[in-house]
Amino acid sequence: MSMRSKERHARLLEALNAGEIDIDDLARRFEVSASTVRRDLQQLSKINAVRRTYGGAILTGHAIETTFEQRLAVDGDAKQAIARAAIELIEDGDTLILDAGSTVAAFSRLLLQRRLRIITNNLALLPFLAKAPAIELVVLGGALRSTSMSTMGPLANEALRRLSATRAIMSADGVVGGRGLCEADLEQVALKSLMMQQAKELIVLADASKLGRAEQLAWAPLPPRWTLVTDAGASEQQRQRLADAGARVIVAQGCVAA
């Protein structure tokens, strides 16, 4: 499957989550033919992500979690802008906890010349962080979660309890002020909650589409004070709501998520 198809599949799932079900409307939105949308929906139905209906499709159950590769393909420019803004918050000598996620991966690629200690469960980061000359890398063991290419579970939690960090750099499927970070399952949020506890400062990287999004079933509550780095697509209302919930909101300039 091409990267273009992966991005379109991820955006189709997001559109269906938002209640869009008409094939012609989806075709106009993605600037493709109706037959291309039908073919995409047929492929998604084969993996039980959607159920076809007359004229469109609906999700099969709760929100579908896209794969790591699909998330990498979506809003790449916004992820890069957020990463560049977040890197300004990091100091040489920091100990960072990096969780799973495509925006965290984009951020991590900017760290290669820095002097840092990094603790992570994000296996997708290892091929390039392992080559960085001044980075001390600690990898949390545990059960593999293939959709995010990360480790989780009791082994990861127990290792993390023995460590501490300057800053935790995290992402999520959704960020809701006064409620927390939204994820697909309880093991994910158990590890995220522990990451927050073991770090002096929390920095959340999330584009505007994640703000206020509450489509998954599990939640990791946020601390009283934390930092959000988002893109310029975040509305003033979204920013204010999160600021009221304790966030220092930093808006990355130069790109708006589509």
# chains A, B, ... in the order shown; residues from 1 in each chain; ligands from 1
>>> closest_atom_pairs(of="stretch 198-244 of chain A", to="stretch 149-163 of chain A", cutoff="12 Å", atoms="only C-alpha atoms", output="CSV")
residue,atom,partner,partner_atom,distance
A:Gln198,CA,A:Leu163,CA,6.9
A:Ala199,CA,A:Leu163,CA,9.0
A:Lys200,CA,A:Leu163,CA,11.9
>>> residues_around(residues="A:Gln237", least_positions_apart="4", cutoff="12 Å", atoms="only C-alpha atoms", output="list in words")
Gly177, Ala208, Leu211, Gly212, Gly233, Arg241, Leu242, Ala243 and Asp244 of chain A
>>> atom_distance(atom1="atom CA of A:Gly178", atom2="atom CA of A:Glu91")
28.8 Å
>>> closest_residue(among="A:Ala86, A:Ala220, A:Ala214, A:Ala27", to="A:Gln197", atoms="only C-alpha atoms")
A:Ala220
>>> residues_around(residues="stretch 179-190 of chain A", least_positions_apart="3", cutoff="10 Å", atoms="only C-alpha atoms", output="PDB file with N, CA, C and O atoms, in the first residue's frame")
ATOM      1  N   HIS A  62     -16.251   1.199  18.547  1.00  0.00           N
ATOM      2  CA  HIS A  62     -15.634   2.427  19.034  1.00  0.00           C
ATOM      3  C   HIS A  62     -14.567   2.867  18.049  1.00  0.00           C
ATOM      4  O   HIS A  62     -14.240   2.183  17.100  1.00  0.00           O
ATOM      5  N   ALA A  63     -14.014   4.035  18.273  1.00  0.00           N
ATOM      6  CA  ALA A  63     -13.067   4.619  17.326  1.00  0.00           C
ATOM      7  C   ALA A  63     -11.935   3.653  17.020  1.00  0.00           C
ATOM      8  O   ALA A  63     -11.387   3.012  17.901  1.00  0.00           O
ATOM      9  N   ILE A  64     -11.582   3.561  15.734  1.00  0.00           N
ATOM     10  CA  ILE A  64     -10.529   2.676  15.294  1.00  0.00           C
ATOM     11  C   ILE A  64      -9.187   3.351  15.487  1.00  0.00           C
ATOM     12  O   ILE A  64      -8.997   4.503  15.107  1.00  0.00           O
ATOM     13  N   GLU A  65      -8.240   2.635  16.074  1.00  0.00           N
ATOM     14  CA  GLU A  65      -6.901   3.171  16.249  1.00  0.00           C
ATOM     15  C   GLU A  65      -6.100   2.894  14.993  1.00  0.00           C
ATOM     16  O   GLU A  65      -5.940   1.750  14.585  1.00  0.00           O
ATOM     17  N   ASP A  99       7.390   8.878  24.926  1.00  0.00           N
ATOM     18  CA  ASP A  99       6.421   7.801  24.767  1.00  0.00           C
ATOM     19  C   ASP A  99       6.221   7.476  23.287  1.00  0.00           C
ATOM     20  O   ASP A  99       6.919   7.989  22.414  1.00  0.00           O
ATOM     21  N   ALA A 100       5.278   6.610  22.997  1.00  0.00           N
ATOM     22  CA  ALA A 100       5.003   6.209  21.620  1.00  0.00           C
ATOM     23  C   ALA A 100       4.255   7.325  20.902  1.00  0.00           C
ATOM     24  O   ALA A 100       3.638   8.186  21.517  1.00  0.00           O
ATOM     25  N   ARG A 145       3.357  -3.723  21.570  1.00  0.00           N
ATOM     26  CA  ARG A 145       2.090  -3.229  21.034  1.00  0.00           C
ATOM     27  C   ARG A 145       2.362  -2.820  19.592  1.00  0.00           C
ATOM     28  O   ARG A 145       2.904  -1.745  19.328  1.00  0.00           O
ATOM     29  N   SER A 150       5.537  -0.074  20.278  1.00  0.00           N
ATOM     30  CA  SER A 150       5.987   0.319  21.609  1.00  0.00           C
ATOM     31  C   SER A 150       5.828  -0.840  22.574  1.00  0.00           C
ATOM     32  O   SER A 150       5.145  -1.830  22.275  1.00  0.00           O
ATOM     33  N   THR A 151       6.463  -0.721  23.731  1.00  0.00           N
ATOM     34  CA  THR A 151       6.304  -1.713  24.786  1.00  0.00           C
ATOM     35  C   THR A 151       5.374  -1.170  25.857  1.00  0.00           C
ATOM     36  O   THR A 151       5.221   0.035  26.021  1.00  0.00           O
ATOM     37  N   MET A 152       4.763  -2.073  26.596  1.00  0.00           N
ATOM     38  CA  MET A 152       3.856  -1.678  27.658  1.00  0.00           C
ATOM     39  C   MET A 152       3.647  -2.860  28.590  1.00  0.00           C
ATOM     40  O   MET A 152       4.200  -3.941  28.377  1.00  0.00           O
ATOM     41  N   GLY A 153       2.859  -2.679  29.642  1.00  0.00           N
ATOM     42  CA  GLY A 153       2.562  -3.765  30.565  1.00  0.00           C
ATOM     43  C   GLY A 153       3.405  -3.720  31.833  1.00  0.00           C
ATOM     44  O   GLY A 153       4.171  -2.780  32.064  1.00  0.00           O
ATOM     45  N   PRO A 154       3.277  -4.743  32.697  1.00  0.00           N
ATOM     46  CA  PRO A 154       3.929  -4.740  34.014  1.00  0.00           C
ATOM     47  C   PRO A 154       5.441  -4.571  33.980  1.00  0.00           C
ATOM     48  O   PRO A 154       6.002  -3.882  34.829  1.00  0.00           O
ATOM     49  N   ASN A 157       6.228  -0.909  33.272  1.00  0.00           N
ATOM     50  CA  ASN A 157       5.851  -0.104  34.431  1.00  0.00           C
ATOM     51  C   ASN A 157       6.860  -0.253  35.565  1.00  0.00           C
ATOM     52  O   ASN A 157       7.262   0.734  36.195  1.00  0.00           O
ATOM     53  N   MET A 170       5.178  13.604  25.480  1.00  0.00           N
ATOM     54  CA  MET A 170       4.127  12.638  25.241  1.00  0.00           C
ATOM     55  C   MET A 170       3.150  13.115  24.177  1.00  0.00           C
ATOM     56  O   MET A 170       3.033  14.304  23.904  1.00  0.00           O
ATOM     57  N   SER A 171       2.450  12.153  23.590  1.00  0.00           N
ATOM     58  CA  SER A 171       1.364  12.447  22.659  1.00  0.00           C
ATOM     59  C   SER A 171       0.156  11.619  23.075  1.00  0.00           C
ATOM     60  O   SER A 171       0.197  10.901  24.073  1.00  0.00           O
ATOM     61  N   ALA A 172      -0.932  11.696  22.315  1.00  0.00           N
ATOM     62  CA  ALA A 172      -2.145  10.957  22.665  1.00  0.00           C
ATOM     63  C   ALA A 172      -3.102  10.965  21.492  1.00  0.00           C
ATOM     64  O   ALA A 172      -2.977  11.777  20.568  1.00  0.00           O
ATOM     65  N   ASP A 173      -4.089  10.068  21.519  1.00  0.00           N
ATOM     66  CA  ASP A 173      -5.151  10.095  20.516  1.00  0.00           C
ATOM     67  C   ASP A 173      -6.042  11.312  20.703  1.00  0.00           C
ATOM     68  O   ASP A 173      -6.624  11.820  19.750  1.00  0.00           O
ATOM     69  N   GLY A 174      -6.174  11.775  21.942  1.00  0.00           N
ATOM     70  CA  GLY A 174      -6.982  12.951  22.225  1.00  0.00           C
ATOM     71  C   GLY A 174      -6.483  13.643  23.479  1.00  0.00           C
ATOM     72  O   GLY A 174      -5.920  13.009  24.370  1.00  0.00           O
ATOM     73  N   VAL A 175      -6.676  14.979  23.535  1.00  0.00           N
ATOM     74  CA  VAL A 175      -6.277  15.780  24.689  1.00  0.00           C
ATOM     75  C   VAL A 175      -7.479  16.624  25.097  1.00  0.00           C
ATOM     76  O   VAL A 175      -7.943  17.469  24.327  1.00  0.00           O
ATOM     77  N   VAL A 176      -7.981  16.402  26.300  1.00  0.00           N
ATOM     78  CA  VAL A 176      -9.188  17.088  26.761  1.00  0.00           C
ATOM     79  C   VAL A 176      -8.885  17.760  28.089  1.00  0.00           C
ATOM     80  O   VAL A 176      -8.525  17.095  29.066  1.00  0.00           O
ATOM     81  N   SER A 193       0.436   7.502  32.634  1.00  0.00           N
ATOM     82  CA  SER A 193       0.285   8.123  33.949  1.00  0.00           C
ATOM     83  C   SER A 193       1.573   8.018  34.753  1.00  0.00           C
ATOM     84  O   SER A 193       1.984   8.966  35.441  1.00  0.00           O
ATOM     85  N   LEU A 194       2.235   6.869  34.665  1.00  0.00           N
ATOM     86  CA  LEU A 194       3.491   6.684  35.375  1.00  0.00           C
ATOM     87  C   LEU A 194       4.590   7.563  34.790  1.00  0.00           C
ATOM     88  O   LEU A 194       5.417   8.115  35.521  1.00  0.00           O
ATOM     89  N   MET A 195       4.604   7.730  33.471  1.00  0.00           N
ATOM     90  CA  MET A 195       5.574   8.640  32.841  1.00  0.00           C
ATOM     91  C   MET A 195       5.422  10.052  33.392  1.00  0.00           C
ATOM     92  O   MET A 195       6.417  10.736  33.670  1.00  0.00           O
ATOM     93  N   VAL A 204       3.204  17.895  26.239  1.00  0.00           N
ATOM     94  CA  VAL A 204       2.332  17.123  25.352  1.00  0.00           C
ATOM     95  C   VAL A 204       2.410  17.721  23.956  1.00  0.00           C
ATOM     96  O   VAL A 204       2.240  18.927  23.777  1.00  0.00           O
ATOM     97  N   LYS A 210      -6.359  16.812  17.579  1.00  0.00           N
ATOM     98  CA  LYS A 210      -6.404  15.990  18.798  1.00  0.00           C
ATOM     99  C   LYS A 210      -7.057  16.721  19.973  1.00  0.00           C
ATOM    100  O   LYS A 210      -7.436  16.090  20.956  1.00  0.00           O
ATOM    101  N   LEU A 211      -7.194  18.034  19.869  1.00  0.00           N
ATOM    102  CA  LEU A 211      -7.668  18.825  21.006  1.00  0.00           C
ATOM    103  C   LEU A 211      -9.177  18.676  21.164  1.00  0.00           C
ATOM    104  O   LEU A 211      -9.941  18.905  20.238  1.00  0.00           O
ATOM    105  N   GLY A 212      -9.583  18.275  22.350  1.00  0.00           N
ATOM    106  CA  GLY A 212     -10.994  18.033  22.623  1.00  0.00           C
ATOM    107  C   GLY A 212     -11.494  16.692  22.120  1.00  0.00           C
ATOM    108  O   GLY A 212     -12.678  16.375  22.279  1.00  0.00           O
ATOM    109  N   ARG A 213     -10.634  15.900  21.529  1.00  0.00           N
ATOM    110  CA  ARG A 213     -11.032  14.611  20.947  1.00  0.00           C
ATOM    111  C   ARG A 213     -11.138  13.557  22.052  1.00  0.00           C
ATOM    112  O   ARG A 213     -10.201  13.329  22.795  1.00  0.00           O
ATOM    113  N   ALA A 214     -12.280  12.902  22.127  1.00  0.00           N
ATOM    114  CA  ALA A 214     -12.549  11.958  23.218  1.00  0.00           C
ATOM    115  C   ALA A 214     -13.199  10.689  22.686  1.00  0.00           C
ATOM    116  O   ALA A 214     -14.241  10.257  23.157  1.00  0.00           O
ATOM    117  N   GLU A 215     -12.564  10.075  21.690  1.00  0.00           N
ATOM    118  CA  GLU A 215     -13.185   8.950  20.991  1.00  0.00           C
ATOM    119  C   GLU A 215     -12.735   7.585  21.503  1.00  0.00           C
ATOM    120  O   GLU A 215     -13.331   6.574  21.140  1.00  0.00           O
ATOM    121  N   GLN A 216     -11.675   7.519  22.297  1.00  0.00           N
ATOM    122  CA  GLN A 216     -11.208   6.251  22.843  1.00  0.00           C
ATOM    123  C   GLN A 216     -11.721   6.082  24.265  1.00  0.00           C
ATOM    124  O   GLN A 216     -12.288   6.997  24.861  1.00  0.00           O
ATOM    125  N   LEU A 217     -11.489   4.893  24.840  1.00  0.00           N
ATOM    126  CA  LEU A 217     -12.179   4.568  26.095  1.00  0.00           C
ATOM    127  C   LEU A 217     -11.354   4.778  27.349  1.00  0.00           C
ATOM    128  O   LEU A 217     -11.886   4.753  28.457  1.00  0.00           O
ATOM    129  N   ALA A 218     -10.039   4.976  27.245  1.00  0.00           N
ATOM    130  CA  ALA A 218      -9.181   5.029  28.428  1.00  0.00           C
ATOM    131  C   ALA A 218      -8.552   6.404  28.590  1.00  0.00           C
ATOM    132  O   ALA A 218      -8.238   7.073  27.602  1.00  0.00           O
ATOM    133  N   TRP A 219      -8.325   6.800  29.852  1.00  0.00           N
ATOM    134  CA  TRP A 219      -7.875   8.163  30.137  1.00  0.00           C
ATOM    135  C   TRP A 219      -6.720   8.180  31.122  1.00  0.00           C
ATOM    136  O   TRP A 219      -6.722   7.443  32.108  1.00  0.00           O
ATOM    137  N   ALA A 220      -5.746   9.056  30.852  1.00  0.00           N
ATOM    138  CA  ALA A 220      -4.654   9.336  31.787  1.00  0.00           C
ATOM    139  C   ALA A 220      -4.813  10.780  32.251  1.00  0.00           C
ATOM    140  O   ALA A 220      -4.621  11.714  31.457  1.00  0.00           O
ATOM    141  N   PRO A 221      -5.183  11.016  33.506  1.00  0.00           N
ATOM    142  CA  PRO A 221      -5.380  12.393  33.978  1.00  0.00           C
ATOM    143  C   PRO A 221      -4.096  13.210  33.899  1.00  0.00           C
ATOM    144  O   PRO A 221      -2.993  12.696  34.095  1.00  0.00           O
ATOM    145  N   LEU A 222      -4.247  14.491  33.611  1.00  0.00           N
ATOM    146  CA  LEU A 222      -3.113  15.401  33.498  1.00  0.00           C
ATOM    147  C   LEU A 222      -2.789  16.032  34.845  1.00  0.00           C
ATOM    148  O   LEU A 222      -3.670  16.189  35.695  1.00  0.00           O
ATOM    149  N   PRO A 223      -1.522  16.432  35.062  1.00  0.00           N
ATOM    150  CA  PRO A 223      -1.166  17.117  36.309  1.00  0.00           C
ATOM    151  C   PRO A 223      -1.734  18.532  36.332  1.00  0.00           C
ATOM    152  O   PRO A 223      -2.226  19.035  35.311  1.00  0.00           O
ATOM    153  N   ALA A 245      -7.392  24.639  32.037  1.00  0.00           N
ATOM    154  CA  ALA A 245      -7.172  23.339  32.675  1.00  0.00           C
ATOM    155  C   ALA A 245      -5.719  23.158  33.109  1.00  0.00           C
ATOM    156  O   ALA A 245      -5.308  22.047  33.433  1.00  0.00           O
TER     157      ALA A 245
END
>>> select_by_dssp(residues="stretch 16-202 of chain A", states="strand (DSSP E or B)", output="PyMOL selection string")
chain A and resi 22+50-53+56-59+95-98+116-120+122+135-139+143-145+150-152+165-170+174-176+180-183+199-202
>>> residues_around(residues="A:Ala134", least_positions_apart="5", cutoff="8 Å", atoms="only C-alpha atoms", output="list of chain:residue names")
A:Leu112, A:Gln113, A:Arg114, A:Arg115, A:Leu116
>>> write_last_selection(atoms="N, CA and C atoms", output="short mmCIF file (atom, residue, chain, number, x, y, z; two decimals), in the first residue's frame")
data_model
loop_
_atom_site.label_atom_id
_atom_site.label_comp_id
_atom_site.auth_asym_id
_atom_site.auth_seq_id
_atom_site.Cartn_x
_atom_site.Cartn_y
_atom_site.Cartn_z
N LEU A 112 19.36 14.42 17.76
CA LEU A 112 20.52 13.56 17.51
C LEU A 112 21.85 14.20 17.87
N GLN A 113 21.94 15.50 17.86
CA GLN A 113 23.20 16.18 18.19
C GLN A 113 23.20 16.72 19.62
N ARG A 114 22.19 16.36 20.40
CA ARG A 114 22.09 16.86 21.77
C ARG A 114 22.71 15.88 22.76
N ARG A 115 23.09 16.40 23.94
CA ARG A 115 23.63 15.57 25.02
C ARG A 115 22.50 15.30 26.01
N LEU A 116 21.98 14.09 25.98
CA LEU A 116 20.77 13.75 26.72
C LEU A 116 20.80 12.32 27.21
#
>>> residues_around(residues="A:Ala124", least_positions_apart="4", cutoff="12 Å", atoms="only C-alpha atoms", output="PDB file with N, CA, C and O atoms, in the first residue's frame")
ATOM      1  N   PHE A  68       0.850   2.923  13.380  1.00  0.00           N
ATOM      2  CA  PHE A  68       1.931   3.893  13.481  1.00  0.00           C
ATOM      3  C   PHE A  68       2.276   4.458  12.106  1.00  0.00           C
ATOM      4  O   PHE A  68       2.466   5.660  11.941  1.00  0.00           O
ATOM      5  N   GLU A  69       2.341   3.610  11.080  1.00  0.00           N
ATOM      6  CA  GLU A  69       2.669   4.071   9.729  1.00  0.00           C
ATOM      7  C   GLU A  69       1.598   5.010   9.193  1.00  0.00           C
ATOM      8  O   GLU A  69       1.902   6.002   8.523  1.00  0.00           O
ATOM      9  N   LEU A  72       2.085   8.384  10.826  1.00  0.00           N
ATOM     10  CA  LEU A  72       3.225   9.087  10.254  1.00  0.00           C
ATOM     11  C   LEU A  72       2.844   9.810   8.967  1.00  0.00           C
ATOM     12  O   LEU A  72       3.376  10.879   8.660  1.00  0.00           O
ATOM     13  N   LEU A  98      10.335   9.593  26.564  1.00  0.00           N
ATOM     14  CA  LEU A  98       9.636   9.731  25.288  1.00  0.00           C
ATOM     15  C   LEU A  98       8.663   8.574  25.132  1.00  0.00           C
ATOM     16  O   LEU A  98       9.065   7.410  25.187  1.00  0.00           O
ATOM     17  N   ASP A  99       7.390   8.878  24.926  1.00  0.00           N
ATOM     18  CA  ASP A  99       6.421   7.801  24.767  1.00  0.00           C
ATOM     19  C   ASP A  99       6.221   7.476  23.287  1.00  0.00           C
ATOM     20  O   ASP A  99       6.919   7.989  22.414  1.00  0.00           O
ATOM     21  N   ALA A 100       5.278   6.610  22.997  1.00  0.00           N
ATOM     22  CA  ALA A 100       5.003   6.209  21.620  1.00  0.00           C
ATOM     23  C   ALA A 100       4.255   7.325  20.902  1.00  0.00           C
ATOM     24  O   ALA A 100       3.638   8.186  21.517  1.00  0.00           O
ATOM     25  N   GLY A 101       4.305   7.302  19.569  1.00  0.00           N
ATOM     26  CA  GLY A 101       3.542   8.274  18.801  1.00  0.00           C
ATOM     27  C   GLY A 101       4.364   8.862  17.678  1.00  0.00           C
ATOM     28  O   GLY A 101       5.595   9.026  17.781  1.00  0.00           O
ATOM     29  N   SER A 102       3.696   9.212  16.587  1.00  0.00           N
ATOM     30  CA  SER A 102       4.391   9.722  15.409  1.00  0.00           C
ATOM     31  C   SER A 102       4.918  11.139  15.612  1.00  0.00           C
ATOM     32  O   SER A 102       5.967  11.499  15.061  1.00  0.00           O
ATOM     33  N   THR A 103       4.228  11.979  16.388  1.00  0.00           N
ATOM     34  CA  THR A 103       4.734  13.323  16.636  1.00  0.00           C
ATOM     35  C   THR A 103       5.960  13.278  17.536  1.00  0.00           C
ATOM     36  O   THR A 103       6.915  14.040  17.346  1.00  0.00           O
ATOM     37  N   VAL A 104       5.958  12.374  18.510  1.00  0.00           N
ATOM     38  CA  VAL A 104       7.143  12.172  19.345  1.00  0.00           C
ATOM     39  C   VAL A 104       8.308  11.671  18.490  1.00  0.00           C
ATOM     40  O   VAL A 104       9.462  12.062  18.697  1.00  0.00           O
ATOM     41  N   ALA A 105       8.017  10.823  17.512  1.00  0.00           N
ATOM     42  CA  ALA A 105       9.067  10.350  16.605  1.00  0.00           C
ATOM     43  C   ALA A 105       9.671  11.507  15.820  1.00  0.00           C
ATOM     44  O   ALA A 105      10.891  11.597  15.652  1.00  0.00           O
ATOM     45  N   ALA A 106       8.828  12.410  15.326  1.00  0.00           N
ATOM     46  CA  ALA A 106       9.328  13.581  14.601  1.00  0.00           C
ATOM     47  C   ALA A 106      10.194  14.449  15.510  1.00  0.00           C
ATOM     48  O   ALA A 106      11.265  14.936  15.101  1.00  0.00           O
ATOM     49  N   SER A 108      11.883  13.410  18.118  1.00  0.00           N
ATOM     50  CA  SER A 108      13.098  12.683  18.483  1.00  0.00           C
ATOM     51  C   SER A 108      14.191  12.817  17.439  1.00  0.00           C
ATOM     52  O   SER A 108      15.386  12.813  17.766  1.00  0.00           O
ATOM     53  N   ARG A 109      13.813  12.955  16.188  1.00  0.00           N
ATOM     54  CA  ARG A 109      14.802  13.077  15.116  1.00  0.00           C
ATOM     55  C   ARG A 109      15.584  14.387  15.195  1.00  0.00           C
ATOM     56  O   ARG A 109      16.640  14.523  14.561  1.00  0.00           O
ATOM     57  N   THR A 120      12.718   5.430  26.972  1.00  0.00           N
ATOM     58  CA  THR A 120      11.593   5.315  26.042  1.00  0.00           C
ATOM     59  C   THR A 120      11.060   3.893  25.945  1.00  0.00           C
ATOM     60  O   THR A 120      11.795   2.925  26.152  1.00  0.00           O
ATOM     61  N   PHE A 128      17.543   5.278  14.933  1.00  0.00           N
ATOM     62  CA  PHE A 128      18.316   6.508  14.792  1.00  0.00           C
ATOM     63  C   PHE A 128      18.868   7.026  16.110  1.00  0.00           C
ATOM     64  O   PHE A 128      19.990   7.530  16.167  1.00  0.00           O
ATOM     65  N   LEU A 129      18.154   6.868  17.241  1.00  0.00           N
ATOM     66  CA  LEU A 129      18.690   7.332  18.516  1.00  0.00           C
ATOM     67  C   LEU A 129      19.907   6.527  18.944  1.00  0.00           C
ATOM     68  O   LEU A 129      20.816   7.059  19.596  1.00  0.00           O
ATOM     69  N   ALA A 130      19.937   5.247  18.597  1.00  0.00           N
ATOM     70  CA  ALA A 130      21.063   4.399  18.992  1.00  0.00           C
ATOM     71  C   ALA A 130      22.377   4.863  18.367  1.00  0.00           C
ATOM     72  O   ALA A 130      23.454   4.554  18.875  1.00  0.00           O
ATOM     73  N   VAL A 139      15.920   1.679  27.272  1.00  0.00           N
ATOM     74  CA  VAL A 139      14.722   1.152  26.623  1.00  0.00           C
ATOM     75  C   VAL A 139      13.908   0.353  27.629  1.00  0.00           C
ATOM     76  O   VAL A 139      14.425  -0.564  28.279  1.00  0.00           O
ATOM     77  N   LEU A 144       5.024  -6.212  23.399  1.00  0.00           N
ATOM     78  CA  LEU A 144       4.995  -5.375  22.200  1.00  0.00           C
ATOM     79  C   LEU A 144       3.564  -5.005  21.843  1.00  0.00           C
ATOM     80  O   LEU A 144       2.685  -5.856  21.774  1.00  0.00           O
ATOM     81  N   ARG A 145       3.357  -3.723  21.570  1.00  0.00           N
ATOM     82  CA  ARG A 145       2.090  -3.229  21.034  1.00  0.00           C
ATOM     83  C   ARG A 145       2.362  -2.820  19.592  1.00  0.00           C
ATOM     84  O   ARG A 145       2.904  -1.745  19.328  1.00  0.00           O
ATOM     85  N   SER A 146       1.999  -3.673  18.647  1.00  0.00           N
ATOM     86  CA  SER A 146       2.458  -3.511  17.267  1.00  0.00           C
ATOM     87  C   SER A 146       1.864  -2.279  16.585  1.00  0.00           C
ATOM     88  O   SER A 146       2.499  -1.696  15.701  1.00  0.00           O
ATOM     89  N   THR A 147       0.647  -1.854  16.963  1.00  0.00           N
ATOM     90  CA  THR A 147       0.038  -0.697  16.308  1.00  0.00           C
ATOM     91  C   THR A 147       0.822   0.585  16.555  1.00  0.00           C
ATOM     92  O   THR A 147       0.814   1.500  15.730  1.00  0.00           O
ATOM     93  N   SER A 148       1.507   0.664  17.682  1.00  0.00           N
ATOM     94  CA  SER A 148       2.305   1.857  17.994  1.00  0.00           C
ATOM     95  C   SER A 148       3.794   1.560  18.037  1.00  0.00           C
ATOM     96  O   SER A 148       4.592   2.466  18.294  1.00  0.00           O
ATOM     97  N   MET A 149       4.190   0.306  17.783  1.00  0.00           N
ATOM     98  CA  MET A 149       5.591  -0.111  17.867  1.00  0.00           C
ATOM     99  C   MET A 149       6.207   0.333  19.193  1.00  0.00           C
ATOM    100  O   MET A 149       7.229   1.008  19.259  1.00  0.00           O
ATOM    101  N   SER A 150       5.537  -0.074  20.278  1.00  0.00           N
ATOM    102  CA  SER A 150       5.987   0.319  21.609  1.00  0.00           C
ATOM    103  C   SER A 150       5.828  -0.840  22.574  1.00  0.00           C
ATOM    104  O   SER A 150       5.145  -1.830  22.275  1.00  0.00           O
ATOM    105  N   THR A 151       6.463  -0.721  23.731  1.00  0.00           N
ATOM    106  CA  THR A 151       6.304  -1.713  24.786  1.00  0.00           C
ATOM    107  C   THR A 151       5.374  -1.170  25.857  1.00  0.00           C
ATOM    108  O   THR A 151       5.221   0.035  26.021  1.00  0.00           O
TER     109      THR A 151
END
>>> closest_residue(among="A:Ala143, A:Ala252, A:Leu202, A:Ile23", to="A:Asn122", atoms="only C-alpha atoms")
A:Ala143
>>> select_by_dssp(residues="stretch 14-252 of chain A", states="helix (DSSP H, G or I)", output="count of residues only")
90
>>> atom_distance(atom1="atom CA of A:Val37", atom2="atom CA of A:Ala10")
12.4 Å
>>> residues_around(residues="A:Leu89", least_positions_apart="4", cutoff="12 Å", atoms="only C-alpha atoms", output="compact mmCIF listing (two decimals) with N, CA, C and O atoms, in the first residue's frame")
# COMPACT_ATOMS: atom_id res chain seq x y z
N ILE A 82 5.47 21.28 15.09
CA ILE A 82 5.33 21.06 16.54
C ILE A 82 6.66 20.59 17.12
O ILE A 82 7.09 21.04 18.19
N ALA A 83 7.33 19.67 16.42
CA ALA A 83 8.62 19.16 16.89
C ALA A 83 9.64 20.28 17.01
O ALA A 83 10.39 20.36 18.00
N ARG A 84 9.69 21.17 16.01
CA ARG A 84 10.67 22.26 16.04
C ARG A 84 10.39 23.22 17.19
O ARG A 84 11.32 23.75 17.83
N ALA A 85 9.11 23.46 17.49
CA ALA A 85 8.77 24.33 18.62
C ALA A 85 9.13 23.66 19.94
O ALA A 85 9.63 24.32 20.87
N ASP A 94 19.47 17.14 29.97
CA ASP A 94 18.15 16.67 30.41
C ASP A 94 18.07 15.14 30.34
O ASP A 94 18.71 14.49 29.50
N LEU A 96 15.06 12.70 29.40
CA LEU A 96 13.73 12.78 28.79
C LEU A 96 13.07 11.41 28.79
O LEU A 96 13.72 10.40 28.50
N PHE A 107 9.77 14.65 16.74
CA PHE A 107 10.54 15.40 17.73
C PHE A 107 11.89 14.73 18.00
O PHE A 107 12.93 15.40 18.05
N LEU A 111 16.85 15.47 18.01
CA LEU A 111 17.68 15.37 19.22
C LEU A 111 19.06 14.79 18.98
O LEU A 111 19.86 14.70 19.91
N THR A 166 13.78 14.61 33.80
CA THR A 166 13.54 16.06 33.82
C THR A 166 12.20 16.37 33.18
O THR A 166 11.40 17.13 33.72
N ARG A 167 11.98 15.77 32.00
CA ARG A 167 10.78 16.06 31.24
C ARG A 167 10.24 14.80 30.59
O ARG A 167 11.02 13.97 30.10
N ALA A 168 8.91 14.67 30.54
CA ALA A 168 8.24 13.62 29.77
C ALA A 168 7.64 14.27 28.53
O ALA A 168 6.92 15.27 28.63
N ILE A 169 7.97 13.71 27.35
CA ILE A 169 7.45 14.22 26.08
C ILE A 169 6.45 13.20 25.59
O ILE A 169 6.80 12.06 25.28
N GLU A 201 8.48 17.60 34.64
CA GLU A 201 7.67 18.45 33.75
C GLU A 201 7.07 17.59 32.64
O GLU A 201 7.71 16.68 32.13
N LEU A 202 5.83 17.89 32.29
CA LEU A 202 5.14 17.20 31.20
C LEU A 202 4.98 18.13 30.01
O LEU A 202 4.48 19.25 30.15
N ILE A 203 5.39 17.65 28.83
CA ILE A 203 5.18 18.37 27.57
C ILE A 203 4.39 17.46 26.65
O ILE A 203 4.83 16.36 26.32
N VAL A 204 3.20 17.90 26.24
CA VAL A 204 2.33 17.12 25.35
C VAL A 204 2.41 17.72 23.96
O VAL A 204 2.24 18.93 23.78
N LEU A 205 2.67 16.87 22.97
CA LEU A 205 2.72 17.28 21.57
C LEU A 205 1.45 16.80 20.88
O LEU A 205 1.22 15.60 20.78
N THR A 227 2.62 21.54 29.84
CA THR A 227 2.84 22.33 28.63
C THR A 227 2.26 21.59 27.43
O THR A 227 2.49 20.39 27.27
N LEU A 228 1.51 22.30 26.60
CA LEU A 228 0.99 21.77 25.35
C LEU A 228 1.66 22.50 24.20
O LEU A 228 1.67 23.73 24.15
N VAL A 229 2.22 21.73 23.25
CA VAL A 229 2.71 22.31 21.99
C VAL A 229 1.79 21.82 20.88
O VAL A 229 1.67 20.61 20.64
N ILE A 250 1.74 26.47 23.79
CA ILE A 250 2.70 26.99 22.83
C ILE A 250 2.22 26.61 21.44
O ILE A 250 1.96 25.43 21.16
>>> closest_residue(among="A:Asp207, A:Ile97, A:Pro224, A:Ala165", to="A:Arg239", atoms="only C-alpha atoms")
A:Asp207
>>> atom_distance(atom1="atom CA of A:Leu41", atom2="atom CA of A:Leu26")
10.8 Å
>>> closest_residue(among="A:Val251, A:Met196, A:Leu191, A:Leu126", to="A:Gln238", atoms="only C-alpha atoms")
A:Val251
